Structures are given as C-alpha cells and as structure tokens.
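K.L.:
The following block contains the structure, expressed as structure tokens.
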Amino acid sequence: MLCKLSFSNIRRSLRDYAIYFFTLMIGVAVFYVFNAVSDQVAMTRVDSDTREIARFLGIAISSTSVFVAGVLGLLIVYASRFLMKRRNNEFALYLMLGMTKGKISAILLLETVLIGIGSLAAGLLLGVGLSQVMSALVVSLFEADMSAYHFMVSGTAILKTIIYFAVMYLVVMLFNSAVVSRFKLIDLMQSGKKSEQIKLKNPWVCVIVFVLAAAMLGTAYYMVGWRFTHLSGRKFVLCIAAGLAATFLIFWSVSGMLLRVIMSMKKVYYKGLNSFTFRQISSKVNTMVFSMTVICIMLFVTICSLSAAFSLRNSMNRNFKENCPADYELSEYLDEPYEELDVLAEAQAIGFDVTKYSDDCVHFSTYGDENFTFEGFCGKHFEELMDTFTAVNGGIREQVIGIDDYNALMKVFGRETIELGEGEYVLACNFKGIEKIRNEVLEDGAPITVFGTALSPKYDECKHGFIDISAQPSNMGLFIVPQFVVEGQTPMADFVIGNFSASDEAGKKAADQEIRSLYAEKIKGGLSPFSVSSIGGYFGFTTKQEISSGAIGLGAIATFLGLYIGLVFLIACGAILALKELSESVDSIGRYEMIRKIGADESEITRSLFRQTGIFFLLPLVLACIHSVFGMKFAVYFLEVFGTDRIASSIAATSVILLLIYGGYFLVTYLCSKNIIRSKR
Amino acid sequence: MELLKIQHIEKYYGNKSSLTKAIDDLSFSVEKGEFVAIMGASGSGKTTLLNCISTIDRVTAGHIYLEDTDITALKGRQLGRFRREKLGFIFQDFNLLDTLTAYENIALALSIQKKPAPQIDQAVKTVAQQLGITEVLKKYPYQMSGGQKQRVASARAIVTEPKLVLADEPTGALDSKSAKMLLERFRYLNTEHSATIMMVTHDSFTASYASRVIFIKDGKIFNEISRGDDSRKQFFDKIIDVVTLLGGDVNDAL
C-alpha cells in the first residue's frame with residue numbers, strides 16, 4: 001500500500017520532480033565521469049610519467065570529490081526540502097485520515113529510495129556514455145594516442161559514486177524524517193491558503209544600502225584588482241568577506257529599488273503586462289536574496305576557475321614549445337665561483353656520460369661578478385620590484401654569459417644567433433614581472449661594468465632568451481656580453497645542453513628512458529632532480545620528456561579540476577533557480593488564468609513569462625560577471641608565471657560552457673513554465 | 001436593442017459512453033442596459049453558460065452573438081481582443097492579483113488594452129469613486145475586506161467600459177452586509193451608467209436586484225420572470241416561488 005502510494009506520488013508530482021531528478025542524474029553522471037578520468041588516462045598510454053600524473057590526478061579528483069559531494073549534498077537537501085514544502089496539503093490529508101507520522105516518513109523514505117535508485121541508475125548510464133566523450137578530452141590533453149583507447153567502464157568510479165550518493169540520500173532521509181516529526185497539522189492545512197504579504201522596502205533605505213554595498217564592493221575590487229601586492233592574508237580574507245556581504249546587500253537593495261524605479265516610470269509600468277511582470281520578479285527576488293547571493297558567488301567561482309584552468313592549459317602547451325627547444329640539460333650551479341668547475345668531467349667520472357647519446361651538444365659556463373648584483377643593476381627601480389616580489393634577494397650576482405657560448409647554445413636550440421659590438425651587451429629575460437622592471441632600467445640607458453669592462457645595452461628592452469630548458473618562461477635575467485669579458489674568469493655555473501642523436505621519436509624516447517635510469521643509478525640522491533655534487537654544487541638533470549610530462553600533467557589537472565568544480569557549481573545554480581521558478585509558476589497558474597480572462601493575448605503572457613525567467617536567471621549572472629572581471633584581474637597576476645596571453649580564448653571557452661549549462665537550465669525552465677501556465681484548454 | 005443573442009447552444013462533456021449535457025439547446029437574448037440574473041442549482045449548467053459567453057469555453061453547437069459578432073467563431077488573438085474590449089468579469093473569489101495593489105489591479109485591465117498612462121490614471125480614479133474604493137486604492141488584496149476586494153474586482157470589470165459585464169456568483173464569498181452594498185453598486189452602474197450586467201447566482205436575494213431572472217435546470221431554461229414595476233421585496237417573493245417550484249435543490253437559498 002505504502003509502496004503504491006509512493007509510486008503514484010512520484011508519478012503525480014512528476015512536474016515538480018522532473019528538474020530534481022534531472023539534476024540528480026546529471027550530478028551522478030558528472031561525479032562518475034570525473035572519477036573515471038584517472039582510470040582512462042592510465043589506459044591510454046602506459047608510459048611511466050603519465051602513470052604518475054594519472055595517479056596524482058586521481059588523488060586530486062578524489063579530494064575534490066569530497067568537496068563536490070558536500071555541494072551536491074546541500075543541493076539535494078535544499079531541493080528535497082523545497083519539494084516537501086509544496087506537498088504540505090497532501091501531508092495534511094494523510095494526517096487527517098489518521099496516518100501516523102511514522103507512516104508518512106516511511107512513504108517519504110520509499111520515495112527517496114525510488115528516486116535515488118532511479119537517478120543513480122540513469123546517471124551512471126549517462127555518465128558511462130559521457131565518459132567516452134570525455135576520453136576525447138583526455139586524449140587531447142595528454143596528447144595521447146586515440147587508437148589505444150577503447151570503450152571502458154570504471155568499476156571503482158561506479159562504486160565510489162554509489163557510496164557517495166548513498167550517503168547523500170541517507171542524509172536526505174534523516175532530514176526528511178526530522179521535518180516530518182515536527183509537522184503540525186494546523187500549519188500544514190493553512191500553508192497553501194496564506195496569501196502573499198507584500199512589503200515594499202523603504203526606497204531611501206534601499207538607496208543607502210545600495211550605495212554602501214557598491215562602495216564596499218568597489219573598495220574590495222580595488223584592493224584585489226590593483227593593490228593585490230599589498231594584500232596580506234588577513235586583508236585578503238577581509239576583502240572576500242566584504243565582497244560576500246556586499247553581494248547580499250546589493251541583491252537586497254536592488255530587489256527593492258528595481259520595482260520602485262520602474263513604478264516611477266508610469267509609461268513603462270502601466271504598459272501591457274509590465275506591472276504584473278515586474279511585481280512577479282520583485283517578489284521572487286525578494287524571497288530569494290540569500291539564494292541569489294549563493295548562486296552569484298558560485299557562478300563567480302565557476303567563471304574564474306574555468307577561465308584560469310583553460311588559460312593555464314593553453315599557456316602550458318605553448319610555453320612548453322617555446323621554452324624547451326633541447327632534449328636534455330645537465331647543469332651544476334654554485335653559490336661561489338669555483339676554478340675547476342666542469343660538470344661534464346664530473347659526471348663522466350662517476351659513469352654518467354650524456355655525450356654518449358648525443359652528438360649535438362654544447363658545454364659552457366656562466367659567470368658572476370660580485371660587484372654586479374641584481375640590486376645594483378636595477379638601481380632606483382629595485383624598490384618598485386620589492387613591492388611585487390617581496391622574496392627577491394637583491395644581493396644575488398647577475399648571470400653573465402659570453403656571446404660565443406650563447407650563440408653555440410642557440411644553434412643547438414635551433415634559434416637565431418645574435419650579433420654583439422665591442423662595448424655592448426644584450427639582456428635576455430622572459431619572466432613577466434621581472435622583465436617589466438628590467439625594461440624600465442634599460443630604457444634609462446643602463447650602462448654596466450662587468451669584470452672591469454664597461455658595457456652599454458644594445459637594445460632598450462629585454463630579448464626573450466634563456467639557458468635552462470623549462471615548461472614556462474622563467475629566465476629572470478641573463479647578460480650576454482662579448483666573449484673577451486668572461487675569458488679567464490672563474491665560472492659559477494656549468495652546463496651541458498644538447499639533443500639526442502636518434503633521428504626519430506621512438507629512438508629519442510628510448511634514449512631518454514635509458515639516460516634517466518642511468519642518472520637515477522649513478523648520481524647521488526637518486527631520482528631527485530637536484531643532487532649535491534662532490535664539490536658542493538647543485539647537480540641538475542632534466543629532459544624534454546620529463547618537462548613535457550610535468551607540463552601536460554599540470555595543465556591536465558588544472559583543466560579537470562576547473563571543469564569538475566565549474567560543472568557542479570553550474571548545475572547547482574541552475575537547479576536552484578529552476579526549482580524556484582517552476583514552483584513559482586505552479587503557484588501563479590491562477591494569476592495567469594485571470595490575466596487570460598481579462599483578455600491578455602497569449603503572446604503577451606508568454607513574453608511576460610520569458611522576461612520573468614530571463615531577468616531571474618540574469619540577475620545573479622550579471623553581478624557574477626562583474627565580480628569575475630576583477631577576480632580574473634587578480635588571478636591573472638598569479639597566472640603570470642605561466643603566461644596569460646590567450647586569456648580571451650579561455651574566457652570564450654568558459655562562456656560556451658556557461659551558456660550551454662546555465663542557458664540550458666534557463667531554456668528548460670522557461671519551456672516547462674510555459675507548459676505549466678498554459679491554459680488547460 | 002438586443003445586445004446578446006444566444007441561439008440553440010449545446011455543450012456536451014465526456015465521450016460517447018458517458019455523455020453529460022451541461023447545456024441542452026438553450027436560447028435567450030439580453031437587451032442593452034439590462035441587468036439579468038441566471039439562477040439554477042449546482043450542476044444546472046449556469047457556470048458553463050457563463051464560460052461559453054465569455055469565450056473561456058467553447059460550445060458544442062449553436063451560436064452566440066454579441067452585437068453582430070458571432071463569438072463562437074472567434075479564434076486565437078481575436079479571443080483575447082474580444083475579452084479585453086467587450087467583456088468585464090467579476091468572479092466569486094474576486095480573482096485579484098495578490099501581488100498588485102488595488103490601483104494596479106484596475107489599471108491592468110486598461111494597460112492590456114494599451115491605453116496611455118495618463119488616461120489610465122483618470123479612468124481608475126473615476127471608477128474608484130463610483131464604487132467607493134478610493135481609500136483602498138493603495139492597498140494590496142490581503143489588506144482588504146471581502147467586500148472591498150469584490151468592489152475592486154467590479155471596478156476592474158467596468159473600467160474598460162465593456163459592452164457586457166459578466167458576474168459569476170459575485171456575492172458568494174461575501175457577508176450579507178457587503179453583498180447588499182455590492183448589489184446596490186451594481187444597480188447604480190446599471191441605472192446610472194446603463195451597464196449591461198449578466199449575473200449567475202443561486203442566491204434569491206442576490207437575484208432580486210436584477211431586472212429579469214432566468215431559471216435554468218439541467219441545461220434548459222425552466223422559467224423566466226421580469227421584475228416590471230414590482231418592488232425588490234415583491235420580486236424576491238416571486239423568485240422564491242419559482243425556486244420552490246424548481247425543486248429542493250435550491251432550498252439553500254435565502
């Protein structure tokens with residue numbers, strides 16, 4: 001009997017439950033898809049580097065999943081509570097007929113179980129399907145071979161999804177029982193009859209609050225967007241708190257002001273259904289100030305995390321191609337100059353001979369003059385630098401290289417060599433923040449004295465050059481000077497950089513594998529990239545393969561986590577708005593019916609509904625976009641290390657995702673609402 | 001002059017196996033400036049009749065003419081236009097929009113007709129004065145009494161100066177004092193502004209304010225009486241007589 005009742009309840013309130021079920025299903029699907037990713041990666045390529053990344057990605061996604069589960073859990077509780085409120089009359093009837101609260105709890109429990117199992121099954125099915133699509137992304141992110149891929153179902157991911165969601169549903173059940181036990185028959189019976197009480201907020205209070213909130217927000221924006229270098233952790237938290245509070249206050253005041261403003265424009269307000277439309281919007285926003293705030297913040301986080309992740313991933317690939325033009329680099333850095341510094345001899349002595357695998361390589365040293373320091377070069381600009389890079393050590397010696405050595409390296413890199421006159425130098429630098437300051441110094445002329453020779457800059461800006469191969473622009477400054485200047489000086493660092501002899505990819509890979517295992521075996525410290533050498537220097541050995549895996553891995557992890565959190569937040573936002581809007585439409589059926597009776601055209605009613613739904617969805621989005629402009633400004637500063645040139649395309653990609661999901665929810669909501677309020681005839 | 005002409009209309013519900021004839025070959029007409037009451041027990045078809053006249057529902061057969069328009073032939077946009085320009089509605093449960101003030105509720109009927117704002121303001125104030133609701137214009141429905149709400153609803157119905165005002169049990173949710181007050185207003189609108197009113201009711205007292213009462217039973221006209229020169233009390237007694245004749249169904253009447 002109870003079972004039958006539960007079944008028919010769900011069938012009857014399908015209209016209300018559709019969005020709920022839909023959201024649960026997508027939630028399950030997303031949860032599965034992302035948890036299955038690491039298994040997928042492991043399948044596409046059996047390379048040990050990638051395996052390591054896949055493992056790390058798995059850990060990152062697992063920990064994010066806990067957070068995601070929390071968000072989804074809250075969403076489910078919110079949605080189920082919301083749906084329960086709509087059924088107060090039904091529960092009242094049950095109680096009137098003499099059903100015990102325990103029985104009602106049992107009905108709800110059964111319903112939750114039914115919906116839970118249904119959504120889990122449907123969601124997992126959808127997830128397995130979607131994860132095959134996801135494999136395309138996996139393949140492109142890891143630049144893997146698509147042919148190695150075949151249809152897969154991740155058992156662990158399924159198990160995990162089931163466990164997580166089972167726990168969430170359990171929480172919902174407990175929550176529902178708690179609510180049922182507090183039912184009072186009289187409240188339930190009267191819940192539907194209470195007519196809405198409209199209280200207009202005092203317009204002046206609204207204006208004052210709005211101005212105050214705008215000022216607060218402005219200050220926070222300014223602090224985060226322009227003065228971020230002065231932000232301490234505490235101030236930063238304060239800014240975030242101010243932003244949150246201001247968001248809330250803006251929604252609070254706008255909901256009051258918007259209507260007032262439009263009401264004062266009599267020509268607009270008393271045109272067609274406008275008075276009705278704006279009253280509807282106002283009452284909706286009024287009752288949802290808090291939810292709107294939460295939605296706005298979630299949208300903001302989504303926009304920022306998606307844009308940042310895409311940007312990171314874009315920059316990663318481009319930067320890698322730009323900054324890693326050689327196959328390997330063996331280096332040794334010292335704190336002080338050392339006469340017999342020779343990294344090649346040292347390595348060969350312990351049985352690690354890189355030249356065996358490589359004909360095309362250069363061996364050279366760089367130098368440092370104790371009277372030529374970073375602070376000395378920057379001069380008056382150093383203070384400015386300290387503002388941004390608080391950890392910079394001004395006493396560090398500038399790195400100096402002879403032009404012949406540099407050009408030899410450029411030949412290995414396959415890049416253009418440079419020409420240098422007698423008394424000239426070229427400054428190579430590509431680390432964004434430092435480059436800016438150095439350019440300013442160069443514009444002022446910047447004569448230098450290195451090892452007693454006076455030199456002047458050939459260009460009034462930095463050239464994009466570097467010695468160390470890496471995944472991103474990270475050269476903070478390299479002075480290329482005439483060869484005679486460094487002749488006979490004591491080196492501070494020594495390098496062997498080259499390409500493997502093998503001509504094809506497979507050969508290079510094999511050489512790479514071999515040389516790295518040799519390195520691990522011979523050099524003290526094993527696998528760690530930096531090991532202390534016998535003369536107290538820092539050995540460094542890295543290969544293109546290694547850097548590539550790291551770069552791809554970082555880009556991939558960022559993309560996946562960004563997508564994961566972004567998608568879940570978008571779903572949550574869309575679901576909350578949709579639920580509210582749909583139930584509002586159900587409540588307003590009578591109003592639409594009445595408007596129809598007094599002769600409003602169907603097209604006008606539809607337009608009114610479209611406007612209501614549109615403004616309702618747009619309001620939090622608009623504020624979130626404004627937030628994001630400043631949030632991204634802040635994020636860009638942190639992402640600068642990785643390069644942010646293609647931020648526009650990242651934002652475009654984010655917009656597409658936003659449009660698809662948020663816009664999708666909007667469209668579904670609008671169409672469902674339209675269906676709900678359609679005349680029965 | 002005939003304003004409304006109803007010719008042999010029929011309305012069936014259900015399918016072949018269980019057919020309900022809500023209206024069964026009904027014909028009558030309403031003169032311009034008349035105040036007609038339709039009486040009948042629950043299920044007699046009086047609300048269906050009203051729905052058909054107001055184009056909310058369609059007749060199965062027959063024709064309804066308002067002036068020279070056959071409203072049973074109207075479609076889509078014409079329906080909305082017909083309703084907003086020719087008809088005024090008053091319902092038992094007031095049907096005011098709870099999110100709008102009284103003023104805005106009345107204004108809505110005009111703004112749907114795309115009337116300019118200054119003209120709307122003028123019209124709303126005039127009609128409010130006629131119905132004695134000037135002081136509640138700024139209030140929301142939940143702040144008003146039932147009688148006030150119904151007068152606001154009436155104001156909304158007549159503010160557009162419709163050809164025909166249709167009232168469905170207008171006093172159904174009112175106490176007797178408010179009901180009396182509302183009916184006095186109806187009579188005032190009918191006599192002073194020559195508004196044509198058609199009112200559906202099962203209450204003899206309410207019906208006694210009309211100039212003519214049509215009784216319906218099982219979807220057919222059962223009887224019809226005009227007030228003529230009788231006083232309202234005498235007319236009321238006549239109505240009671242017919243109601244008694246009509247059967248026990250309407251003995252919940254006053």
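Simple scheme: letters A, B, ... for chains in structure tokens order, numbers from 1 for residues in each chain, numbers from 1 for ligands in the order shown.
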Per DSSP on the backbone, filter stretch 17-120 of chain B down to the residues in strand (DSSP E) and report them as a ChimeraX atom specification.
P.N.:
/B:19-31,35-39,61-66,69-70,87-90
K.L.:
Select all residues from chain A having any atom no more than 10 Å from an atom of chain B (counting only C-alpha atoms, ignoring ligands), output as number ranges by chain.
P.N.:
A: 194-199, 265-280, 282-283, 588, 590-604, 679, 681
K.L.:
What would the file look like if the residues just selected were written as a compact mmCIF listing (two decimals), in the first residue's frame with N, CA and C atoms?
P.N.:
# COMPACT_ATOMS: atom_id res chain seq x y z
N LYS A 194 -2.32 30.87 2.92
CA LYS A 194 -1.77 32.19 3.25
C LYS A 194 -1.47 32.95 1.98
N SER A 195 -2.08 34.11 1.85
CA SER A 195 -1.77 34.88 0.66
C SER A 195 -0.50 35.68 0.92
N GLU A 196 0.17 35.93 -0.16
CA GLU A 196 1.48 36.56 -0.04
C GLU A 196 1.35 37.97 0.53
N GLN A 197 2.20 38.29 1.45
CA GLN A 197 2.20 39.63 2.01
C GLN A 197 3.29 40.43 1.35
N ILE A 198 2.91 41.47 0.71
CA ILE A 198 3.91 42.28 0.01
C ILE A 198 4.29 43.47 0.87
N LYS A 199 5.55 43.50 1.20
CA LYS A 199 6.02 44.67 1.93
C LYS A 199 7.08 45.34 1.07
N MET A 265 8.38 55.12 -13.38
CA MET A 265 8.26 55.37 -14.82
C MET A 265 6.88 54.89 -15.27
N LYS A 266 5.88 55.74 -15.08
CA LYS A 266 4.49 55.31 -15.28
C LYS A 266 4.23 54.76 -16.67
N LYS A 267 4.88 55.37 -17.64
CA LYS A 267 4.63 54.95 -19.03
C LYS A 267 5.09 53.51 -19.26
N VAL A 268 6.17 53.14 -18.59
CA VAL A 268 6.66 51.78 -18.74
C VAL A 268 5.84 50.84 -17.88
N TYR A 269 5.62 51.26 -16.65
CA TYR A 269 4.96 50.39 -15.67
C TYR A 269 3.54 50.04 -16.10
N TYR A 270 2.81 51.03 -16.60
CA TYR A 270 1.43 50.77 -16.99
C TYR A 270 1.31 50.46 -18.46
N LYS A 271 2.27 49.68 -18.96
CA LYS A 271 2.21 49.29 -20.36
C LYS A 271 2.04 47.78 -20.44
N GLY A 272 0.98 47.35 -21.05
CA GLY A 272 0.73 45.91 -21.19
C GLY A 272 0.79 45.22 -19.84
N LEU A 273 1.49 44.11 -19.78
CA LEU A 273 1.57 43.33 -18.54
C LEU A 273 2.74 43.72 -17.66
N ASN A 274 3.40 44.83 -17.99
CA ASN A 274 4.61 45.19 -17.26
C ASN A 274 4.43 45.24 -15.75
N SER A 275 3.31 45.84 -15.29
CA SER A 275 3.13 45.96 -13.85
C SER A 275 3.14 44.56 -13.22
N PHE A 276 2.45 43.64 -13.86
CA PHE A 276 2.41 42.27 -13.36
C PHE A 276 3.78 41.62 -13.42
N THR A 277 4.45 41.77 -14.55
CA THR A 277 5.76 41.15 -14.74
C THR A 277 6.74 41.60 -13.66
N PHE A 278 6.83 42.90 -13.47
CA PHE A 278 7.84 43.40 -12.52
C PHE A 278 7.49 43.07 -11.07
N ARG A 279 6.18 43.05 -10.78
CA ARG A 279 5.79 42.63 -9.43
C ARG A 279 6.21 41.19 -9.18
N GLN A 280 6.01 40.35 -10.18
CA GLN A 280 6.38 38.94 -10.05
C GLN A 280 7.87 38.81 -9.79
N SER A 282 9.98 41.04 -8.72
CA SER A 282 10.35 41.64 -7.45
C SER A 282 10.05 40.69 -6.29
N SER A 283 8.87 40.06 -6.33
CA SER A 283 8.53 39.19 -5.21
C SER A 283 9.43 37.97 -5.20
N SER A 588 1.53 30.38 -9.62
CA SER A 588 0.96 31.52 -10.35
C SER A 588 -0.04 31.12 -11.42
N GLY A 590 -3.06 30.42 -11.28
CA GLY A 590 -4.30 31.19 -11.11
C GLY A 590 -4.17 32.60 -11.65
N ARG A 591 -3.02 33.20 -11.39
CA ARG A 591 -2.81 34.58 -11.84
C ARG A 591 -2.83 34.66 -13.36
N TYR A 592 -2.16 33.71 -13.99
CA TYR A 592 -2.14 33.72 -15.45
C TYR A 592 -3.53 33.48 -16.01
N GLU A 593 -4.25 32.59 -15.35
CA GLU A 593 -5.60 32.27 -15.78
C GLU A 593 -6.46 33.54 -15.75
N MET A 594 -6.27 34.30 -14.68
CA MET A 594 -7.05 35.53 -14.53
C MET A 594 -6.69 36.56 -15.59
N ILE A 595 -5.39 36.68 -15.83
CA ILE A 595 -4.95 37.64 -16.84
C ILE A 595 -5.51 37.26 -18.20
N ARG A 596 -5.54 35.96 -18.43
CA ARG A 596 -6.10 35.48 -19.68
C ARG A 596 -7.57 35.86 -19.78
N LYS A 597 -8.27 35.73 -18.65
CA LYS A 597 -9.71 36.02 -18.65
C LYS A 597 -9.98 37.49 -18.93
N ILE A 598 -9.10 38.37 -18.43
CA ILE A 598 -9.39 39.77 -18.72
C ILE A 598 -8.84 40.17 -20.09
N GLY A 599 -8.38 39.20 -20.84
CA GLY A 599 -8.17 39.45 -22.27
C GLY A 599 -6.75 39.68 -22.73
N ALA A 600 -5.75 39.26 -21.94
CA ALA A 600 -4.37 39.42 -22.41
C ALA A 600 -4.09 38.36 -23.49
N ASP A 601 -3.37 38.76 -24.51
CA ASP A 601 -3.03 37.80 -25.57
C ASP A 601 -2.04 36.78 -25.05
N GLU A 602 -2.13 35.59 -25.64
CA GLU A 602 -1.22 34.51 -25.24
C GLU A 602 0.23 34.92 -25.46
N SER A 603 0.46 35.64 -26.57
CA SER A 603 1.84 36.02 -26.89
C SER A 603 2.37 36.99 -25.83
N GLU A 604 1.48 37.83 -25.31
CA GLU A 604 1.94 38.78 -24.29
C GLU A 604 2.25 38.07 -22.98
N SER A 679 -3.08 27.36 -20.70
CA SER A 679 -4.47 27.13 -20.33
C SER A 679 -4.81 25.66 -20.58
N ARG A 681 -7.19 24.31 -21.74
CA ARG A 681 -7.99 24.01 -22.92
C ARG A 681 -7.10 23.86 -24.15
K.L.:
Can you tell me which residues surround B:Val200 at a distance of at most 9 Å, considering only C-alpha atoms, apart from same-chain residues fewer than 6 positions away, and format the answer as a PDB file with C-alpha atoms, in the first residue's frame?
P.N.:
ATOM      1  CA  VAL B  36     -30.114  39.808 -15.908  1.00  0.00           C
ATOM      2  CA  ALA B  37     -29.666  37.131 -13.288  1.00  0.00           C
ATOM      3  CA  ILE B  38     -29.274  33.471 -14.192  1.00  0.00           C
ATOM      4  CA  MET B  39     -30.418  31.161 -11.428  1.00  0.00           C
ATOM      5  CA  GLY B  40     -30.079  27.484 -11.010  1.00  0.00           C
ATOM      6  CA  LYS B  46     -25.199  28.129 -15.334  1.00  0.00           C
ATOM      7  CA  THR B  47     -21.437  28.446 -14.944  1.00  0.00           C
ATOM      8  CA  LEU B  50     -21.205  31.913 -18.492  1.00  0.00           C
ATOM      9  CA  LEU B 166     -20.366  39.012 -16.526  1.00  0.00           C
ATOM     10  CA  ALA B 167     -20.556  38.199 -12.835  1.00  0.00           C
ATOM     11  CA  ASP B 168     -20.152  34.657 -11.536  1.00  0.00           C
ATOM     12  CA  GLU B 169     -21.629  34.350  -8.040  1.00  0.00           C
ATOM     13  CA  PRO B 170     -20.318  37.803  -7.097  1.00  0.00           C
ATOM     14  CA  ALA B 207     -31.080  37.695  -7.958  1.00  0.00           C
TER      15      ALA B 207
END
K.L.:
Identify, on the basis of only C-alpha atoms, every residue whose closest approach to A:Ile651 does not exceed 12 Å; exclude the query and any residue fewer than 6 positions from it along the same chain; express the result as a PyMOL selection string.
P.N.:
chain A and resi 302-312+314+625+628-629+632+644-645+657-659
K.L.:
Neighbours of B:Lys217 within 9 Å (only C-alpha atoms; same-chain residues fewer than 5 positions away dropped), as a list in words?
P.N.:
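Within the cut-off, the hits are Met39, Gly40, Ala41, Gly43, Ser44, Gly45, Lys46, Phe222, Asn223 and Leu246 of chain B.
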K.L.:
So how many Å separate atom CA of A:Ile605 and atom CA of A:Leu259, to one decimal?
P.N.:
19.4 Å
K.L.:
Using only C-alpha atoms, which protein or nucleic acid residues come within 10 Å of stretch 182-195 of chain B? Drop anything in the same chain fewer than 3 positions from it, and give the result as a PyMOL selection string.
P.N.:
chain B and resi 32-35+130-132+147-148+150-151+154+158+161-165+170-171+174+176-179+198+205-211
K.L.:
Would you write out those residues with C-alpha atoms, as a PDB file, in the first residue's frame?
P.N.:
ATOM      1  CA  LYS B  32     -28.803  46.575 -23.941  1.00  0.00           C
ATOM      2  CA  GLY B  33     -28.849  48.107 -20.449  1.00  0.00           C
ATOM      3  CA  GLU B  34     -30.485  45.056 -18.852  1.00  0.00           C
ATOM      4  CA  PHE B  35     -29.497  43.525 -15.515  1.00  0.00           C
ATOM      5  CA  GLN B 130     -18.201  55.368  -8.334  1.00  0.00           C
ATOM      6  CA  LEU B 131     -17.604  52.178  -6.364  1.00  0.00           C
ATOM      7  CA  GLY B 132     -16.452  53.887  -3.181  1.00  0.00           C
ATOM      8  CA  GLY B 147     -16.465  43.438   0.156  1.00  0.00           C
ATOM      9  CA  GLN B 148     -13.697  45.820  -0.771  1.00  0.00           C
ATOM     10  CA  GLN B 150     -15.165  42.465  -4.748  1.00  0.00           C
ATOM     11  CA  ARG B 151     -15.717  46.142  -5.417  1.00  0.00           C
ATOM     12  CA  SER B 154     -16.014  45.128 -10.129  1.00  0.00           C
ATOM     13  CA  ILE B 158     -16.228  48.059 -15.691  1.00  0.00           C
ATOM     14  CA  GLU B 161     -16.473  50.297 -20.330  1.00  0.00           C
ATOM     15  CA  PRO B 162     -17.333  46.821 -21.628  1.00  0.00           C
ATOM     16  CA  LYS B 163     -20.462  46.026 -23.580  1.00  0.00           C
ATOM     17  CA  LEU B 164     -21.331  43.301 -21.137  1.00  0.00           C
ATOM     18  CA  VAL B 165     -20.346  42.674 -17.517  1.00  0.00           C
ATOM     19  CA  PRO B 170     -20.318  37.803  -7.097  1.00  0.00           C
ATOM     20  CA  THR B 171     -21.767  37.662  -3.591  1.00  0.00           C
ATOM     21  CA  LEU B 174     -19.362  37.951   0.971  1.00  0.00           C
ATOM     22  CA  SER B 176     -24.781  39.807   3.806  1.00  0.00           C
ATOM     23  CA  LYS B 177     -23.904  43.436   4.502  1.00  0.00           C
ATOM     24  CA  SER B 178     -21.089  43.507   1.943  1.00  0.00           C
ATOM     25  CA  ALA B 179     -23.256  41.625  -0.511  1.00  0.00           C
ATOM     26  CA  MET B 198     -25.357  39.348 -16.565  1.00  0.00           C
ATOM     27  CA  PHE B 205     -31.682  37.647  -2.574  1.00  0.00           C
ATOM     28  CA  THR B 206     -28.892  38.487  -4.979  1.00  0.00           C
ATOM     29  CA  ALA B 207     -31.080  37.695  -7.958  1.00  0.00           C
ATOM     30  CA  SER B 208     -33.810  40.030  -6.670  1.00  0.00           C
ATOM     31  CA  TYR B 209     -31.625  43.024  -7.583  1.00  0.00           C
ATOM     32  CA  ALA B 210     -31.820  42.102 -11.267  1.00  0.00           C
ATOM     33  CA  SER B 211     -34.469  43.316 -13.670  1.00  0.00           C
TER      34      SER B 211
END
K.L.:
Give the helix (DSSP H, G or I) residues of stretch 89-237 of chain B, as DSSP finds them on the backbone, and put them as number ranges by chain.
P.N.:
B: 102-112, 117-130, 134-136, 141-143, 146-158, 176-192, 204-207, 232-237
K.L.:
Separation of atom CA of A:Leu567 and atom CA of A:Gly553, in Å?
P.N.:
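Rounded to one decimal, the two atoms are 20.7 Å apart.
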K.L.:
Using atom CA of A:Cys378 and atom CA of A:Ile403 as the two end points, give the distance in Å to one decimal.
P.N.:
22.4 Å
K.L.:
Could you list, as a ChimeraX atom specification, every residue within 9 Å of stretch 89-105 of chain A, counting only C-alpha atoms and ignoring same-chain residues fewer than 6 positions away?
P.N.:
/A:2,173,176-178,180-181,183-192
K.L.:
From the set B:His63, B:Lys180, B:Lys21, B:Lys233, which residue has the shortest atom-to-atom contact distance to B:Ile6, counting only C-alpha atoms?
P.N.:
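Once distances to B:Ile6 are computed over only C-alpha atoms, the minimum belongs to B:His63.
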